[in-house]
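Visitor: I am sharing protein_21.cif, which consists of mmCIF, C-alpha atoms and all ligand atoms:
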data_entry
loop_
_atom_site.group_PDB
_atom_site.id
_atom_site.type_symbol
_atom_site.label_atom_id
_atom_site.label_comp_id
_atom_site.auth_asym_id
_atom_site.auth_seq_id
_atom_site.Cartn_x
_atom_site.Cartn_y
_atom_site.Cartn_z
ATOM 1 C CA MET A 1 107.273 91.162 101.269
ATOM 2 C CA THR A 2 108.240 87.587 102.100
ATOM 3 C CA LYS A 3 105.582 84.893 101.787
ATOM 4 C CA THR A 4 107.176 82.389 104.126
ATOM 5 C CA ASP A 5 106.208 81.811 107.746
ATOM 6 C CA THR A 6 108.545 84.275 109.485
ATOM 7 C CA ARG A 7 108.958 81.774 112.320
ATOM 8 C CA ASP A 8 110.622 79.455 109.809
ATOM 9 C CA ILE A 9 113.931 81.284 109.900
ATOM 10 C CA GLN A 10 115.703 79.240 107.229
ATOM 11 C CA ALA A 11 112.855 79.456 104.712
ATOM 12 C CA THR A 12 112.544 83.202 105.287
ATOM 13 C CA VAL A 13 116.288 83.795 104.948
ATOM 14 C CA ASN A 14 116.330 81.725 101.743
ATOM 15 C CA GLN A 15 113.485 83.737 100.260
ATOM 16 C CA ILE A 16 115.112 87.043 101.206
ATOM 17 C CA LYS A 17 118.329 85.900 99.496
ATOM 18 C CA GLU A 18 116.321 85.066 96.364
ATOM 19 C CA LEU A 19 114.756 88.517 96.582
ATOM 20 C CA GLU A 20 118.142 90.162 96.925
ATOM 21 C CA ASP A 21 119.382 88.274 93.858
ATOM 22 C CA CYS A 22 116.439 89.470 91.801
ATOM 23 C CA GLY A 23 117.030 93.115 92.739
ATOM 24 C CA CYS A 24 114.886 93.764 95.821
ATOM 25 C CA GLU A 25 116.286 96.603 97.942
ATOM 26 C CA ILE A 26 114.192 96.478 101.113
ATOM 27 C CA VAL A 27 112.165 93.577 102.468
ATOM 28 C CA ARG A 28 109.216 93.305 104.849
ATOM 29 C CA VAL A 29 108.246 90.296 106.918
ATOM 30 C CA ALA A 30 104.927 89.579 108.626
ATOM 31 C CA VAL A 31 105.054 89.527 112.407
ATOM 32 C CA PRO A 32 101.896 87.746 113.521
ATOM 33 C CA ASP A 33 103.190 86.668 116.948
ATOM 34 C CA LYS A 34 106.031 86.857 119.448
ATOM 35 C CA GLU A 35 107.897 83.929 117.931
ATOM 36 C CA ALA A 36 107.927 85.690 114.557
ATOM 37 C CA ALA A 37 109.157 88.917 116.190
ATOM 38 C CA ASN A 38 111.981 87.037 117.918
ATOM 39 C CA ALA A 39 112.915 85.300 114.647
ATOM 40 C CA ILE A 40 113.851 88.709 113.222
ATOM 41 C CA SER A 41 117.054 88.596 115.244
ATOM 42 C CA ALA A 42 118.422 85.509 113.466
ATOM 43 C CA ILE A 43 116.988 86.545 110.086
ATOM 44 C CA ALA A 44 118.564 90.012 110.206
ATOM 45 C CA LYS A 45 121.980 88.515 110.976
ATOM 46 C CA SER A 46 121.834 86.269 107.882
ATOM 47 C CA ILE A 47 120.805 88.855 105.256
ATOM 48 C CA SER A 48 122.062 92.158 103.948
ATOM 49 C CA LEU A 49 118.772 93.839 102.954
ATOM 50 C CA PRO A 50 117.090 96.262 105.362
ATOM 51 C CA LEU A 51 114.334 94.360 107.157
ATOM 52 C CA VAL A 52 110.957 95.921 107.955
ATOM 53 C CA ALA A 53 108.598 94.311 110.472
ATOM 54 C CA ASP A 54 104.914 94.381 109.516
ATOM 55 C CA ILE A 55 102.868 94.883 112.669
ATOM 56 C CA HIS A 56 99.121 94.726 113.198
ATOM 57 C CA PHE A 57 96.926 94.741 116.313
ATOM 58 C CA ASP A 58 99.532 94.196 119.055
ATOM 59 C CA HIS A 59 101.987 96.971 119.948
ATOM 60 C CA ARG A 60 104.099 94.487 121.926
ATOM 61 C CA LEU A 61 105.061 92.839 118.639
ATOM 62 C CA ALA A 62 106.463 96.175 117.445
ATOM 63 C CA LEU A 63 108.533 96.458 120.628
ATOM 64 C CA ALA A 64 109.761 92.870 120.267
ATOM 65 C CA ALA A 65 110.646 93.430 116.582
ATOM 66 C CA LEU A 66 112.667 96.528 117.486
ATOM 67 C CA GLN A 67 114.396 94.601 120.240
ATOM 68 C CA ALA A 68 115.212 91.850 117.729
ATOM 69 C CA GLY A 69 116.890 94.313 115.352
ATOM 70 C CA ALA A 70 114.257 95.289 112.753
ATOM 71 C CA ASP A 71 115.438 98.158 110.532
ATOM 72 C CA GLY A 72 111.950 99.574 110.131
ATOM 73 C CA LEU A 73 108.380 99.151 111.338
ATOM 74 C CA ARG A 74 105.146 99.241 109.444
ATOM 75 C CA LEU A 75 102.201 100.030 111.719
ATOM 76 C CA ASN A 76 98.582 99.918 110.617
ATOM 77 C CA PRO A 77 96.807 102.807 112.343
ATOM 78 C CA GLY A 78 93.550 101.032 111.549
ATOM 79 C CA ASN A 79 94.307 98.464 114.215
ATOM 80 C CA ILE A 80 96.875 100.038 116.562
ATOM 81 C CA HIS A 81 95.519 103.354 117.814
ATOM 82 C CA ASP A 82 95.977 103.425 121.590
ATOM 83 C CA LYS A 83 98.046 106.547 122.297
ATOM 84 C CA GLU A 84 100.008 105.056 125.169
ATOM 85 C CA GLN A 85 100.906 102.020 123.120
ATOM 86 C CA ILE A 86 102.023 104.157 120.201
ATOM 87 C CA ALA A 87 104.056 106.305 122.593
ATOM 88 C CA LYS A 88 105.940 103.207 123.757
ATOM 89 C CA ILE A 89 106.673 102.173 120.176
ATOM 90 C CA ALA A 90 107.774 105.700 119.208
ATOM 91 C CA ALA A 91 110.124 105.913 122.217
ATOM 92 C CA ALA A 92 111.735 102.563 121.416
ATOM 93 C CA ALA A 93 112.042 103.393 117.699
ATOM 94 C CA ARG A 94 113.489 106.847 118.394
ATOM 95 C CA GLU A 95 116.068 105.385 120.759
ATOM 96 C CA ARG A 96 117.297 103.125 117.929
ATOM 97 C CA GLY A 97 116.815 105.609 115.066
ATOM 98 C CA ILE A 98 114.339 103.280 113.365
ATOM 99 C CA PRO A 99 111.694 104.682 110.972
ATOM 100 C CA ILE A 100 108.007 103.908 111.231
ATOM 101 C CA ARG A 101 105.743 103.632 108.226
ATOM 102 C CA ILE A 102 102.176 104.667 108.834
ATOM 103 C CA GLY A 103 100.561 102.120 106.551
ATOM 104 C CA VAL A 104 96.905 102.941 105.980
ATOM 105 C CA ASN A 105 94.834 100.428 104.019
ATOM 106 C CA ALA A 106 91.410 101.422 102.711
ATOM 107 C CA GLY A 107 90.131 97.988 103.695
ATOM 108 C CA SER A 108 91.136 98.227 107.363
ATOM 109 C CA LEU A 109 89.971 101.716 108.316
ATOM 110 C CA PRO A 110 88.130 101.507 111.637
ATOM 111 C CA PRO A 111 84.369 101.613 110.873
ATOM 112 C CA ASP A 112 83.812 104.342 113.479
ATOM 113 C CA PHE A 113 86.454 106.665 111.965
ATOM 114 C CA GLU A 114 84.592 109.377 110.000
ATOM 115 C CA PRO A 115 82.059 106.757 108.845
ATOM 116 C CA HIS A 116 80.203 109.099 106.490
ATOM 117 C CA ALA A 117 83.213 110.706 104.816
ATOM 118 C CA PRO A 118 84.511 109.564 101.389
ATOM 119 C CA VAL A 119 87.170 106.870 101.614
ATOM 120 C CA VAL A 120 89.974 109.111 100.291
ATOM 121 C CA SER A 121 89.434 111.723 102.998
ATOM 122 C CA ARG A 122 89.147 109.019 105.648
ATOM 123 C CA MET A 123 92.518 107.600 104.552
ATOM 124 C CA VAL A 124 94.203 111.002 104.420
ATOM 125 C CA ASP A 125 92.684 112.137 107.733
ATOM 126 C CA MET A 126 93.817 108.945 109.422
ATOM 127 C CA VAL A 127 97.384 109.450 108.173
ATOM 128 C CA GLN A 128 97.408 113.058 109.322
ATOM 129 C CA GLU A 129 96.034 112.109 112.722
ATOM 130 C CA GLN A 130 98.821 109.541 113.153
ATOM 131 C CA ILE A 131 101.457 112.000 111.989
ATOM 132 C CA ARG A 132 100.249 114.568 114.514
ATOM 133 C CA LEU A 133 100.384 111.927 117.233
ATOM 134 C CA LEU A 134 103.922 110.803 116.356
ATOM 135 C CA GLU A 135 105.131 114.389 116.041
ATOM 136 C CA SER A 136 103.637 115.202 119.433
ATOM 137 C CA LEU A 137 105.758 112.335 120.742
ATOM 138 C CA ASP A 138 108.834 113.986 119.224
ATOM 139 C CA PHE A 139 109.073 111.321 116.532
ATOM 140 C CA SER A 140 109.675 112.316 112.923
ATOM 141 C CA LEU A 141 111.288 109.309 111.195
ATOM 142 C CA ILE A 142 108.013 108.772 109.398
ATOM 143 C CA LYS A 143 107.049 107.192 106.073
ATOM 144 C CA VAL A 144 103.486 107.006 104.828
ATOM 145 C CA SER A 145 101.436 104.722 102.604
ATOM 146 C CA LEU A 146 97.741 104.846 101.711
ATOM 147 C CA LYS A 147 96.975 101.723 99.742
ATOM 148 C CA ALA A 148 93.690 100.600 98.288
ATOM 149 C CA PHE A 149 92.651 97.905 95.839
ATOM 150 C CA ASP A 150 90.846 100.504 93.752
ATOM 151 C CA VAL A 151 93.380 102.280 91.536
ATOM 152 C CA PRO A 152 91.661 105.710 91.223
ATOM 153 C CA THR A 153 91.124 105.789 95.028
ATOM 154 C CA THR A 154 94.796 105.043 95.624
ATOM 155 C CA ILE A 155 95.980 107.665 93.140
ATOM 156 C CA GLN A 156 93.697 110.300 94.593
ATOM 157 C CA ALA A 157 94.690 109.511 98.188
ATOM 158 C CA TYR A 158 98.404 109.882 97.390
ATOM 159 C CA GLN A 159 97.836 113.064 95.379
ATOM 160 C CA VAL A 160 95.921 114.647 98.251
ATOM 161 C CA VAL A 161 98.410 113.594 100.915
ATOM 162 C CA ALA A 162 101.440 114.623 98.798
ATOM 163 C CA ASP A 163 100.130 118.205 98.892
ATOM 164 C CA LYS A 164 99.719 118.131 102.661
ATOM 165 C CA ILE A 165 102.807 116.408 104.064
ATOM 166 C CA ALA A 166 106.545 116.322 103.397
ATOM 167 C CA TYR A 167 107.266 112.788 104.627
ATOM 168 C CA PRO A 168 108.419 110.083 102.182
ATOM 169 C CA LEU A 169 105.644 108.152 100.494
ATOM 170 C CA HIS A 170 105.680 104.408 99.923
ATOM 171 C CA LEU A 171 103.442 103.504 96.956
ATOM 172 C CA GLY A 172 101.456 100.381 96.247
ATOM 173 C CA ILE A 173 98.180 98.996 94.990
ATOM 174 C CA THR A 174 97.150 96.490 97.597
ATOM 175 C CA GLU A 175 95.861 92.990 96.817
ATOM 176 C CA ALA A 176 96.421 93.680 93.130
ATOM 177 C CA GLY A 177 95.734 90.083 92.085
ATOM 178 C CA LEU A 178 97.363 87.471 89.884
ATOM 179 C CA PRO A 179 100.471 88.469 87.921
ATOM 180 C CA ARG A 180 98.873 89.472 84.629
ATOM 181 C CA THR A 181 96.104 91.693 85.979
ATOM 182 C CA GLY A 182 98.027 92.712 89.086
ATOM 183 C CA ALA A 183 100.990 93.922 87.042
ATOM 184 C CA VAL A 184 98.710 96.117 84.943
ATOM 185 C CA ARG A 185 96.839 97.492 87.956
ATOM 186 C CA SER A 186 100.118 98.238 89.756
ATOM 187 C CA ALA A 187 101.728 99.767 86.680
ATOM 188 C CA VAL A 188 98.769 102.089 86.144
ATOM 189 C CA GLY A 189 98.493 103.183 89.788
ATOM 190 C CA ILE A 190 102.157 103.372 90.729
ATOM 191 C CA GLY A 191 103.200 104.571 87.270
ATOM 192 C CA ILE A 192 100.810 107.536 87.212
ATOM 193 C CA LEU A 193 101.958 108.663 90.658
ATOM 194 C CA LEU A 194 105.673 108.274 89.923
ATOM 195 C CA TYR A 195 105.249 110.155 86.653
ATOM 196 C CA GLN A 196 103.722 113.011 88.663
ATOM 197 C CA GLY A 197 106.778 113.028 90.925
ATOM 198 C CA ILE A 198 104.928 111.397 93.837
ATOM 199 C CA GLY A 199 106.485 108.466 95.707
ATOM 200 C CA ASP A 200 109.828 107.442 97.192
ATOM 201 C CA THR A 201 109.614 103.650 97.491
ATOM 202 C CA ILE A 202 107.312 101.149 95.809
ATOM 203 C CA ARG A 203 105.969 97.681 96.396
ATOM 204 C CA VAL A 204 104.060 95.642 93.844
ATOM 205 C CA SER A 205 101.679 93.177 95.546
ATOM 206 C CA LEU A 206 100.879 90.071 93.524
ATOM 207 C CA SER A 207 99.466 86.624 94.241
ATOM 208 C CA ALA A 208 102.771 85.157 93.079
ATOM 209 C CA HIS A 209 106.358 84.531 94.170
ATOM 210 C CA PRO A 210 107.775 87.816 95.521
ATOM 211 C CA CYS A 211 110.472 87.898 92.800
ATOM 212 C CA GLU A 212 107.588 88.407 90.342
ATOM 213 C CA GLU A 213 106.698 91.508 92.359
ATOM 214 C CA VAL A 214 110.271 92.809 92.133
ATOM 215 C CA PHE A 215 110.333 92.078 88.389
ATOM 216 C CA VAL A 216 107.159 94.111 87.826
ATOM 217 C CA ALA A 217 108.416 96.906 90.090
ATOM 218 C CA TYR A 218 111.566 97.205 87.993
ATOM 219 C CA GLU A 219 109.609 97.185 84.755
ATOM 220 C CA ILE A 220 107.548 100.099 86.073
ATOM 221 C CA LEU A 221 110.693 102.009 87.034
ATOM 222 C CA LYS A 222 112.459 101.130 83.781
ATOM 223 C CA SER A 223 109.543 102.198 81.628
ATOM 224 C CA LEU A 224 109.577 105.610 83.329
ATOM 225 C CA GLY A 225 113.363 105.912 83.012
ATOM 226 C CA LEU A 226 113.757 106.014 86.800
ATOM 227 C CA ARG A 227 115.956 102.910 87.157
ATOM 228 C CA GLN A 228 117.833 100.697 84.758
ATOM 229 C CA ARG A 229 118.459 97.079 85.610
ATOM 230 C CA GLY A 230 118.783 94.110 83.294
ATOM 231 C CA PRO A 231 117.695 93.886 79.678
ATOM 232 C CA THR A 232 114.818 95.669 78.022
ATOM 233 C CA LEU A 233 113.410 93.563 75.211
ATOM 234 C CA VAL A 234 112.010 95.495 72.290
ATOM 235 C CA SER A 235 110.035 93.018 70.215
ATOM 236 C CA CYS A 236 107.682 93.813 67.399
ATOM 237 C CA PRO A 237 104.076 92.654 67.702
ATOM 238 C CA SER A 238 104.423 90.751 64.395
ATOM 239 C CA CYS A 239 102.189 91.337 61.396
ATOM 240 C CA GLY A 240 101.524 89.990 57.922
ATOM 241 C CA ARG A 241 105.090 90.862 56.871
ATOM 242 C CA ALA A 242 106.726 88.688 59.546
ATOM 243 C CA GLU A 243 108.920 85.979 58.103
ATOM 244 C CA VAL A 244 109.422 83.994 61.337
ATOM 245 C CA ASP A 245 107.453 83.174 64.476
ATOM 246 C CA VAL A 246 108.361 86.427 66.248
ATOM 247 C CA ILE A 247 106.546 85.508 69.455
ATOM 248 C CA SER A 248 108.489 82.255 70.028
ATOM 249 C CA LEU A 249 111.737 83.912 69.044
ATOM 250 C CA ALA A 250 111.191 86.839 71.444
ATOM 251 C CA GLU A 251 110.330 84.361 74.211
ATOM 252 C CA SER A 252 113.577 82.432 73.564
ATOM 253 C CA VAL A 253 115.650 85.629 73.629
ATOM 254 C CA SER A 254 113.917 86.739 76.837
ATOM 255 C CA LYS A 255 114.730 83.355 78.434
ATOM 256 C CA HIS A 256 118.385 83.643 77.391
ATOM 257 C CA LEU A 257 118.557 87.120 78.953
ATOM 258 C CA GLU A 258 117.070 86.146 82.319
ATOM 259 C CA ALA A 259 120.371 86.150 84.204
ATOM 260 C CA VAL A 260 121.582 89.455 82.735
ATOM 261 C CA THR A 261 121.573 92.362 85.190
ATOM 262 C CA LYS A 262 123.402 94.956 83.084
ATOM 263 C CA PRO A 263 121.004 97.369 81.371
ATOM 264 C CA ILE A 264 120.904 96.548 77.654
ATOM 265 C CA ARG A 265 118.192 97.106 75.067
ATOM 266 C CA VAL A 266 117.712 94.138 72.738
ATOM 267 C CA ALA A 267 115.339 94.062 69.777
ATOM 268 C CA VAL A 268 113.679 91.132 68.034
ATOM 269 C CA MET A 269 111.909 92.201 64.869
ATOM 270 C CA GLY A 270 109.923 90.144 62.428
ATOM 271 C CA CYS A 271 111.166 91.544 59.122
ATOM 272 C CA VAL A 272 114.232 93.181 57.641
ATOM 273 C CA VAL A 273 112.194 95.805 55.829
ATOM 274 C CA ASN A 274 111.080 97.756 58.868
ATOM 275 C CA GLY A 275 112.755 95.966 61.779
ATOM 276 C CA PRO A 276 116.113 97.733 62.200
ATOM 277 C CA GLY A 277 114.596 101.161 61.609
ATOM 278 C CA GLU A 278 111.687 100.570 63.992
ATOM 279 C CA ALA A 279 114.118 99.456 66.719
ATOM 280 C CA ARG A 280 116.864 102.012 66.132
ATOM 281 C CA ASP A 281 117.104 102.718 69.882
ATOM 282 C CA ALA A 282 118.106 99.125 70.629
ATOM 283 C CA ASP A 283 121.747 98.400 71.453
ATOM 284 C CA VAL A 284 121.631 95.083 69.596
ATOM 285 C CA GLY A 285 118.875 93.536 67.530
ATOM 286 C CA LEU A 286 117.809 90.778 65.217
ATOM 287 C CA ALA A 287 115.588 91.347 62.202
ATOM 288 C CA CYS A 288 114.402 88.208 60.474
ATOM 289 C CA GLY A 289 114.194 87.800 56.710
ATOM 290 C CA LYS A 290 113.408 84.839 54.450
ATOM 291 C CA GLY A 291 115.727 82.133 55.840
ATOM 292 C CA LYS A 292 118.128 84.798 57.142
ATOM 293 C CA GLY A 293 118.704 86.869 60.244
ATOM 294 C CA ALA A 294 120.131 90.386 60.139
ATOM 295 C CA ILE A 295 121.985 91.436 63.284
ATOM 296 C CA PHE A 296 121.880 95.164 63.794
ATOM 297 C CA ARG A 297 123.264 97.712 66.217
ATOM 298 C CA LYS A 298 121.538 101.056 66.772
ATOM 299 C CA GLY A 299 119.446 100.551 63.647
ATOM 300 C CA LYS A 300 122.347 99.583 61.300
ATOM 301 C CA VAL A 301 122.758 96.003 60.008
ATOM 302 C CA VAL A 302 126.228 94.706 60.942
ATOM 303 C CA LYS A 303 125.959 91.023 60.012
ATOM 304 C CA THR A 304 123.642 88.613 58.177
ATOM 305 C CA VAL A 305 123.458 84.941 59.184
ATOM 306 C CA PRO A 306 121.395 81.892 58.136
ATOM 307 C CA GLY A 307 118.006 81.888 59.914
ATOM 308 C CA GLU A 308 118.745 78.828 62.046
ATOM 309 C CA ASN A 309 121.873 80.559 63.474
ATOM 310 C CA SER A 310 120.222 83.886 64.193
ATOM 311 C CA LEU A 311 119.468 83.340 67.889
ATOM 312 C CA GLU A 312 123.069 82.274 68.610
ATOM 313 C CA ALA A 313 124.437 85.153 66.494
ATOM 314 C CA LEU A 314 122.272 87.615 68.442
ATOM 315 C CA MET A 315 123.453 86.189 71.768
ATOM 316 C CA THR A 316 127.097 86.449 70.616
ATOM 317 C CA GLU A 317 126.588 90.148 69.862
ATOM 318 C CA ILE A 318 124.827 90.670 73.188
ATOM 319 C CA ARG A 319 127.673 88.995 75.097
ATOM 320 C CA LYS A 320 130.059 91.536 73.576
ATOM 321 C CA GLU A 321 128.027 94.259 75.303
ATOM 322 C CA LEU A 322 128.054 92.654 78.750
HETATM 323 S S1 LIG A 401 108.989 94.658 62.317
HETATM 324 FE FE1 LIG A 401 108.132 93.880 60.414
HETATM 325 S S2 LIG A 401 107.016 92.040 61.034
HETATM 326 FE FE2 LIG A 401 107.345 93.212 62.902
HETATM 327 S S3 LIG A 401 105.496 94.434 63.084
HETATM 328 FE FE3 LIG A 401 107.017 95.711 62.017
HETATM 329 S S4 LIG A 401 106.560 95.366 59.851
HETATM 330 FE FE4 LIG A 401 105.535 93.701 60.980
#
How does the structure come out when it is put into structure tokens?
Guide:
Amino acid sequence: MTKTDTRDIQATVNQIKELEDCGCEIVRVAVPDKEAANAISAIAKSISLPLVADIHFDHRLALAALQAGADGLRLNPGNIHDKEQIAKIAAAARERGIPIRIGVNAGSLPPDFEPHAPVVSRMVDMVQEQIRLLESLDFSLIKVSLKAFDVPTTIQAYQVVADKIAYPLHLGITEAGLPRTGAVRSAVGIGILLYQGIGDTIRVSLSAHPCEEVFVAYEILKSLGLRQRGPTLVSCPSCGRAEVDVISLAESVSKHLEAVTKPIRVAVMGCVVNGPGEARDADVGLACGKGKGAIFRKGKVVKTVPGENSLEALMTEIRKEL
């Protein structure tokens, strides 16, 4: 999701282009007012990613976003629940073949909706109620999300709903926090669900630049073998056998690999005794010895260089793979 003011068309377009460059495949913008909804028209013409309009409270903003060319809508049933208003949105979306995501958030469930029920059943019941409403309006281009800050609540809500409905599920842990903790929370929640075969799209929410969110999303997908993009760095944790500063070296290699988008597995290991064998799955690797660096491929040493040249020698081998 962009973090610019959607009414600032240039800033929003620039951020979406950054997101596209870092691998984002679908982008959502906040639509807090009519001016933001109208801005979608110019934004959509300047980008190539599908653009989803995030709508709360006012159904007229959904209609304006559709009119302006949004490729998708996210509606929060916690704050748009008038049937006639939803009917107008569904009619306009159906006419254009635009999908609607029913985006339930645990934090914005209406207080009078099943107030005594557990939060998971309230979330699931709200989704099902909205699905029934949209289906009764002859609308079936539906996606669903049920996000919560609490990871077990989110996992349970998706597991329950996945057994009840056949619509695509968009996964996320909402308001996950700063990058370090938020990445872990998102990886646990989204990762468990994806591993169970639940989920069709994902969004990582972090208090950070949105490219950080895309980076974490890819790491989740890569670690489950669901997508490959860019390098995977295998680096040893270091131990008493390490003969160089493995942490600094791994950080330098990671920095050098930032612009690489081709999937490649690169290892940085702290000793020649165990390094190549421990990282035998890596395409290319460096194992450091006393004043020397051994370059290896698939666990076999192919070249030995003086220690001070080892980073450059590793990069030369990597470039051969790209
Ligand atoms: S590769 Fe060597 S230095 Fe790194 S953790 Fe293994 S044994 Fe220790």
Visitor: If you count only C-alpha atoms and all ligand atoms, which residues end up within 8 Å of ligand LIG 401 (chain A), as a ChimeraX atom specification?
Guide: /A:235-243,246,269-276,278,287
Visitor: I'd like to know which of A:Asp138, A:Val216, A:Cys288, A:Pro99 is closest to A:Leu73, using all atoms listed in the file.
Guide: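 Of A:Asp138, A:Val216, A:Cys288, A:Pro99, the one nearest A:Leu73 is A:Pro99, counting all atoms listed in the file.
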Visitor: Residues at most 12 Å from A:Gly225, counting all atoms listed in the file, excluding those fewer than 5 positions away in the same chain, as an NGL selection string?
Guide: :A and (191 or 194-195 or 218-220 or 232 or 263)
Visitor: Applying 10 Å and only C-alpha atoms, which residues near A:Asp21 remain after dropping the ones on its own chain fewer than 6 positions away? List them as a ChimeraX atom specification.
Guide: /A:15,211,259,261
Visitor: Taking into account all atoms listed in the file, which residue in the set A:Leu169, A:Val52, A:Ile264, A:Ala217 is nearest to A:Gly197?
Guide: A:Leu169
Visitor: Around the point (109.4, 92.6, 97.9) in the file's coordinates, collect all residues with an atom within 8 Å, using only C-alpha atoms, and return them as a tab-separated table (two decimals) with C-alpha atoms, in the frame of the given file.
Guide:
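Final file, out07.tsv:
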chain	number	residue	atom	x	y	z
A	1	MET	CA	107.27	91.16	101.27
A	2	THR	CA	108.24	87.59	102.10
A	19	LEU	CA	114.76	88.52	96.58
A	24	CYS	CA	114.89	93.76	95.82
A	25	GLU	CA	116.29	96.60	97.94
A	26	ILE	CA	114.19	96.48	101.11
A	27	VAL	CA	112.16	93.58	102.47
A	28	ARG	CA	109.22	93.30	104.85
A	203	ARG	CA	105.97	97.68	96.40
A	204	VAL	CA	104.06	95.64	93.84
A	210	PRO	CA	107.78	87.82	95.52
A	211	CYS	CA	110.47	87.90	92.80
A	213	GLU	CA	106.70	91.51	92.36
A	214	VAL	CA	110.27	92.81	92.13
Visitor: How far is it from atom CA of A:Asn76 to atom CA of A:Lys45, in Å with one decimal?
Guide: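 If I compute the distance from atom CA of A:Asn76 to atom CA of A:Lys45, I get 26.0 Å.
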Visitor: So which one's closest to A:Gly285, A:Lys255, A:Arg132, A:Lys303, A:Arg101? Using all atoms listed in the file, please.
Guide: A:Lys303
Visitor: Taking only C-alpha atoms into account, which of A:His116, A:Arg122, A:Lys143, A:Lys83 comes nearest A:Ile102?
Guide: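 Closest to A:Ile102, using only C-alpha atoms: A:Lys143.
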Visitor: Extract, using all atoms listed in the file, all DNA, RNA and protein residues at most 12 Å from A:Glu251, discarding same-chain residues fewer than 6 positions from it, and format them as a PyMOL selection string.
Guide: chain A and resi 233-236+245+257-258+267-268+311
Visitor: Restricted to C-alpha atoms, what would the selected residues look like written as a PDB file, keeping the file's coordinate frame?
Guide:
ATOM      1  CA  LEU A 233     113.410  93.563  75.211  1.00  0.00           C
ATOM      2  CA  VAL A 234     112.010  95.495  72.290  1.00  0.00           C
ATOM      3  CA  SER A 235     110.035  93.018  70.215  1.00  0.00           C
ATOM      4  CA  CYS A 236     107.682  93.813  67.399  1.00  0.00           C
ATOM      5  CA  ASP A 245     107.453  83.174  64.476  1.00  0.00           C
ATOM      6  CA  LEU A 257     118.557  87.120  78.953  1.00  0.00           C
ATOM      7  CA  GLU A 258     117.070  86.146  82.319  1.00  0.00           C
ATOM      8  CA  ALA A 267     115.339  94.062  69.777  1.00  0.00           C
ATOM      9  CA  VAL A 268     113.679  91.132  68.034  1.00  0.00           C
ATOM     10  CA  LEU A 311     119.468  83.340  67.889  1.00  0.00           C
TER      11      LEU A 311
END
Visitor: Could you spell out the hits of the PyMOL selection byres (((chain A and resi 170) around 9) and not hetatm) on the shown file, as a PDB file with C-alpha atoms, keeping the file's coordinate frame?
Guide:
ATOM      1  CA  ARG A 101     105.743 103.632 108.226  1.00  0.00           C
ATOM      2  CA  GLY A 103     100.561 102.120 106.551  1.00  0.00           C
ATOM      3  CA  LYS A 143     107.049 107.192 106.073  1.00  0.00           C
ATOM      4  CA  VAL A 144     103.486 107.006 104.828  1.00  0.00           C
ATOM      5  CA  SER A 145     101.436 104.722 102.604  1.00  0.00           C
ATOM      6  CA  LEU A 146      97.741 104.846 101.711  1.00  0.00           C
ATOM      7  CA  PRO A 168     108.419 110.083 102.182  1.00  0.00           C
ATOM      8  CA  LEU A 169     105.644 108.152 100.494  1.00  0.00           C
ATOM      9  CA  LEU A 171     103.442 103.504  96.956  1.00  0.00           C
ATOM     10  CA  GLY A 172     101.456 100.381  96.247  1.00  0.00           C
ATOM     11  CA  GLY A 199     106.485 108.466  95.707  1.00  0.00           C
ATOM     12  CA  ASP A 200     109.828 107.442  97.192  1.00  0.00           C
ATOM     13  CA  THR A 201     109.614 103.650  97.491  1.00  0.00           C
ATOM     14  CA  ILE A 202     107.312 101.149  95.809  1.00  0.00           C
ATOM     15  CA  ARG A 203     105.969  97.681  96.396  1.00  0.00           C
TER      16      ARG A 203
END
Visitor: Between A:Leu314, A:His59, A:Gln67, A:Cys22, which residue has the minimum interatomic distance to A:Ala44, considering only C-alpha atoms?
Guide: A:Gln67
Visitor: Leaving out A:Asn309 and any residue of its chain fewer than 5 positions from it, which residues lie within 10 Å of it when counting all atoms listed in the file, given as a PDB file with C-alpha atoms, in the frame of the given file?
Guide:
ATOM      1  CA  GLY A 291     115.727  82.133  55.840  1.00  0.00           C
ATOM      2  CA  LYS A 292     118.128  84.798  57.142  1.00  0.00           C
ATOM      3  CA  GLY A 293     118.704  86.869  60.244  1.00  0.00           C
ATOM      4  CA  THR A 304     123.642  88.613  58.177  1.00  0.00           C
ATOM      5  CA  LEU A 314     122.272  87.615  68.442  1.00  0.00           C
TER       6      LEU A 314
END
Visitor: For A:Arg94, please output as a list in words all residues within 10 Å (counting all atoms listed in the file; exclusion window: fewer than 5 positions along the same chain).
Guide: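 My list of contacting residues is Lys88, Ile89, Pro99, Ile100, Leu137, Asp138, Phe139, Ser140 and Leu141 of chain A.
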Visitor: Restricted to C-alpha atoms, what would the selected residues look like written as an mmCIF file, in the frame of the given file?
Guide:
data_model
loop_
_atom_site.group_PDB
_atom_site.id
_atom_site.type_symbol
_atom_site.label_atom_id
_atom_site.label_comp_id
_atom_site.auth_asym_id
_atom_site.auth_seq_id
_atom_site.Cartn_x
_atom_site.Cartn_y
_atom_site.Cartn_z
ATOM 1 C CA LYS A 88 105.940 103.207 123.757
ATOM 2 C CA ILE A 89 106.673 102.173 120.176
ATOM 3 C CA PRO A 99 111.694 104.682 110.972
ATOM 4 C CA ILE A 100 108.007 103.908 111.231
ATOM 5 C CA LEU A 137 105.758 112.335 120.742
ATOM 6 C CA ASP A 138 108.834 113.986 119.224
ATOM 7 C CA PHE A 139 109.073 111.321 116.532
ATOM 8 C CA SER A 140 109.675 112.316 112.923
ATOM 9 C CA LEU A 141 111.288 109.309 111.195
#
Visitor: Taking the file as shown, find all residues satisfying the PyMOL selection byres (((chain A and resi 183) around 9) and not hetatm) and write them as a VMD selection string.
Guide: chain A and resid 176 to 182 184 to 188 204 to 206 213 216 to 217
Visitor: Smallest atom-to-atom distance to A:Asn105: which of A:Ala157, A:Ala62, A:Ile142, A:Val244, using all atoms listed in the file?
Guide: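 Nearest candidate to A:Asn105 out of A:Ala157, A:Ala62, A:Ile142, A:Val244: A:Ala157.
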